[in-house]
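A short write-up of the structure that comes next.
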Amino acid sequence: MYKIGYTTGVYDLFHVGHVNLLRNAKSMCETLIVGVTTDQAAEYKNVVPTQSEKDRMEIVRACRYVD
């Protein structure tokens with residue numbers, strides 16, 4: 001088991017696939033750090049999030065698998 005894990009994503013319209021990803025990542029480490037892609041970076045990749053960056057960060061922060 002790793003001490004620290006890291007994953008990142010846009011996490012727009014948070015769904016069960018996101019939960020499964022975070023649960024799996026957490027099962028492989030003691031502490032899971034999750035990055036949320038900024039609106040600017042998402043738009044650079046031609047992805048326009050429907051939720052604000054701030055809202056997406058709050059949703060991910062509330063997930064119990066995220067430290």
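Scheme for the structure tokens: letters A, B, ... for chains in order shown; per-chain residue numbers from 1; ligand numbers from 1 in order shown.
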
Please identify which residues in chain A DSSP calls helix (DSSP H, G or I) from the backbone, and express them as number ranges by chain.
-> A: 16-26, 39-44, 53-62

Resulting file, chosen residues, N, CA, C and O atoms, as a short mmCIF file (atom, residue, chain, number, x, y, z; two decimals), in the first residue's frame:
data_model
loop_
_atom_site.label_atom_id
_atom_site.label_comp_id
_atom_site.auth_asym_id
_atom_site.auth_seq_id
_atom_site.Cartn_x
_atom_site.Cartn_y
_atom_site.Cartn_z
N VAL A 16 -21.52 7.95 -10.19
CA VAL A 16 -21.03 6.73 -9.55
C VAL A 16 -19.66 6.30 -10.11
O VAL A 16 -18.86 5.72 -9.40
N GLY A 17 -19.40 6.59 -11.36
CA GLY A 17 -18.07 6.28 -11.92
C GLY A 17 -16.97 7.05 -11.19
O GLY A 17 -15.89 6.51 -10.95
N HIS A 18 -17.25 8.30 -10.84
CA HIS A 18 -16.29 9.08 -10.07
C HIS A 18 -16.10 8.46 -8.67
O HIS A 18 -14.98 8.35 -8.18
N VAL A 19 -17.20 8.08 -8.05
CA VAL A 19 -17.12 7.45 -6.72
C VAL A 19 -16.29 6.17 -6.80
O VAL A 19 -15.41 5.94 -5.96
N ASN A 20 -16.54 5.35 -7.80
CA ASN A 20 -15.78 4.10 -7.95
C ASN A 20 -14.29 4.37 -8.14
O ASN A 20 -13.45 3.67 -7.56
N LEU A 21 -13.96 5.37 -8.93
CA LEU A 21 -12.56 5.73 -9.16
C LEU A 21 -11.89 6.15 -7.85
O LEU A 21 -10.80 5.69 -7.52
N LEU A 22 -12.56 7.01 -7.09
CA LEU A 22 -11.99 7.51 -5.84
C LEU A 22 -11.91 6.40 -4.79
O LEU A 22 -10.94 6.32 -4.04
N ARG A 23 -12.91 5.53 -4.73
CA ARG A 23 -12.89 4.41 -3.79
C ARG A 23 -11.72 3.49 -4.10
O ARG A 23 -10.98 3.07 -3.20
N ASN A 24 -11.53 3.18 -5.37
CA ASN A 24 -10.43 2.31 -5.78
C ASN A 24 -9.09 2.96 -5.48
O ASN A 24 -8.18 2.30 -4.95
N ALA A 25 -8.95 4.24 -5.78
CA ALA A 25 -7.70 4.95 -5.50
C ALA A 25 -7.40 4.96 -4.01
O ALA A 25 -6.26 4.73 -3.59
N LYS A 26 -8.41 5.21 -3.19
CA LYS A 26 -8.23 5.24 -1.74
C LYS A 26 -7.84 3.87 -1.19
O LYS A 26 -7.07 3.76 -0.22
N ASP A 39 -11.34 25.36 -14.62
CA ASP A 39 -12.19 25.65 -15.78
C ASP A 39 -11.33 25.97 -17.00
O ASP A 39 -11.59 25.50 -18.10
N GLN A 40 -10.29 26.76 -16.79
CA GLN A 40 -9.42 27.17 -17.89
C GLN A 40 -8.73 25.96 -18.53
O GLN A 40 -8.67 25.85 -19.75
N ALA A 41 -8.22 25.04 -17.72
CA ALA A 41 -7.55 23.85 -18.26
C ALA A 41 -8.55 22.94 -18.98
O ALA A 41 -8.22 22.34 -20.01
N ALA A 42 -9.75 22.81 -18.44
CA ALA A 42 -10.78 21.97 -19.08
C ALA A 42 -11.16 22.56 -20.45
O ALA A 42 -11.25 21.82 -21.43
N GLU A 43 -11.34 23.86 -20.51
CA GLU A 43 -11.72 24.51 -21.76
C GLU A 43 -10.61 24.39 -22.80
O GLU A 43 -10.88 24.30 -24.00
N TYR A 44 -9.36 24.36 -22.35
CA TYR A 44 -8.22 24.17 -23.25
C TYR A 44 -8.33 22.84 -23.98
O TYR A 44 -7.92 22.69 -25.12
N GLU A 53 -15.94 25.62 -11.15
CA GLU A 53 -14.76 25.01 -10.55
C GLU A 53 -14.91 24.94 -9.02
O GLU A 53 -14.61 23.92 -8.40
N LYS A 54 -15.40 26.01 -8.43
CA LYS A 54 -15.59 26.06 -6.98
C LYS A 54 -16.58 24.98 -6.52
O LYS A 54 -16.34 24.28 -5.54
N ASP A 55 -17.70 24.84 -7.24
CA ASP A 55 -18.69 23.82 -6.88
C ASP A 55 -18.13 22.42 -7.03
O ASP A 55 -18.37 21.55 -6.19
N ARG A 56 -17.38 22.17 -8.11
CA ARG A 56 -16.80 20.85 -8.32
C ARG A 56 -15.80 20.51 -7.22
O ARG A 56 -15.74 19.38 -6.74
N MET A 57 -15.05 21.51 -6.77
CA MET A 57 -14.10 21.28 -5.67
C MET A 57 -14.84 20.91 -4.39
O MET A 57 -14.43 20.02 -3.65
N GLU A 58 -15.95 21.58 -4.11
CA GLU A 58 -16.73 21.28 -2.91
C GLU A 58 -17.33 19.88 -2.96
O GLU A 58 -17.35 19.17 -1.95
N ILE A 59 -17.80 19.47 -4.12
CA ILE A 59 -18.37 18.13 -4.28
C ILE A 59 -17.32 17.08 -4.03
O ILE A 59 -17.54 16.12 -3.28
N VAL A 60 -16.15 17.23 -4.61
CA VAL A 60 -15.06 16.26 -4.42
C VAL A 60 -14.60 16.28 -2.97
O VAL A 60 -14.38 15.23 -2.37
N ARG A 61 -14.48 17.46 -2.39
CA ARG A 61 -14.04 17.58 -0.99
C ARG A 61 -14.99 16.83 -0.05
O ARG A 61 -14.57 16.27 0.96
N ALA A 62 -16.27 16.77 -0.39
CA ALA A 62 -17.28 16.12 0.47
C ALA A 62 -17.24 14.60 0.37
O ALA A 62 -17.81 13.91 1.22
#

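With only C-alpha atoms as the atoms that count, the minimum distance from Phe14 (chain A) to the choices A:Cys63, A:Leu32, A:Ser27, A:Lys45 is reached by A:Cys63.
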
Could you work out how far CA of Pro49 (chain A) lies from CA of Gly5 (chain A), giving the answer in Å with one decimal?
->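 So the two atoms, CA of Gly5 (chain A) and CA of Pro49 (chain A), lie 24.9 Å apart.
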
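Note that CA of Val48 (chain A) and CA of Tyr65 (chain A) are 25.8 Å apart.
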
Of the residues A:Val66, A:Thr37, A:Ser52, A:Val47, which is the one nearest to Gly9 (chain A), using only C-alpha atoms?
->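 Selected residue with least distance to Gly9 (chain A): A:Thr37.
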
Can you pull out every residue within 8 Å of Met1 (chain A), counting only C-alpha atoms, but drop anything in the same chain fewer than 5 positions away, and send it as a ChimeraX atom specification?
-> /A:28-30

Just the residues within 9 Å of Ile33 (chain A), please, counting only C-alpha atoms, with nothing from its chain fewer than 3 positions along; format it as a ChimeraX atom specification.
-> /A:4-8,66-67
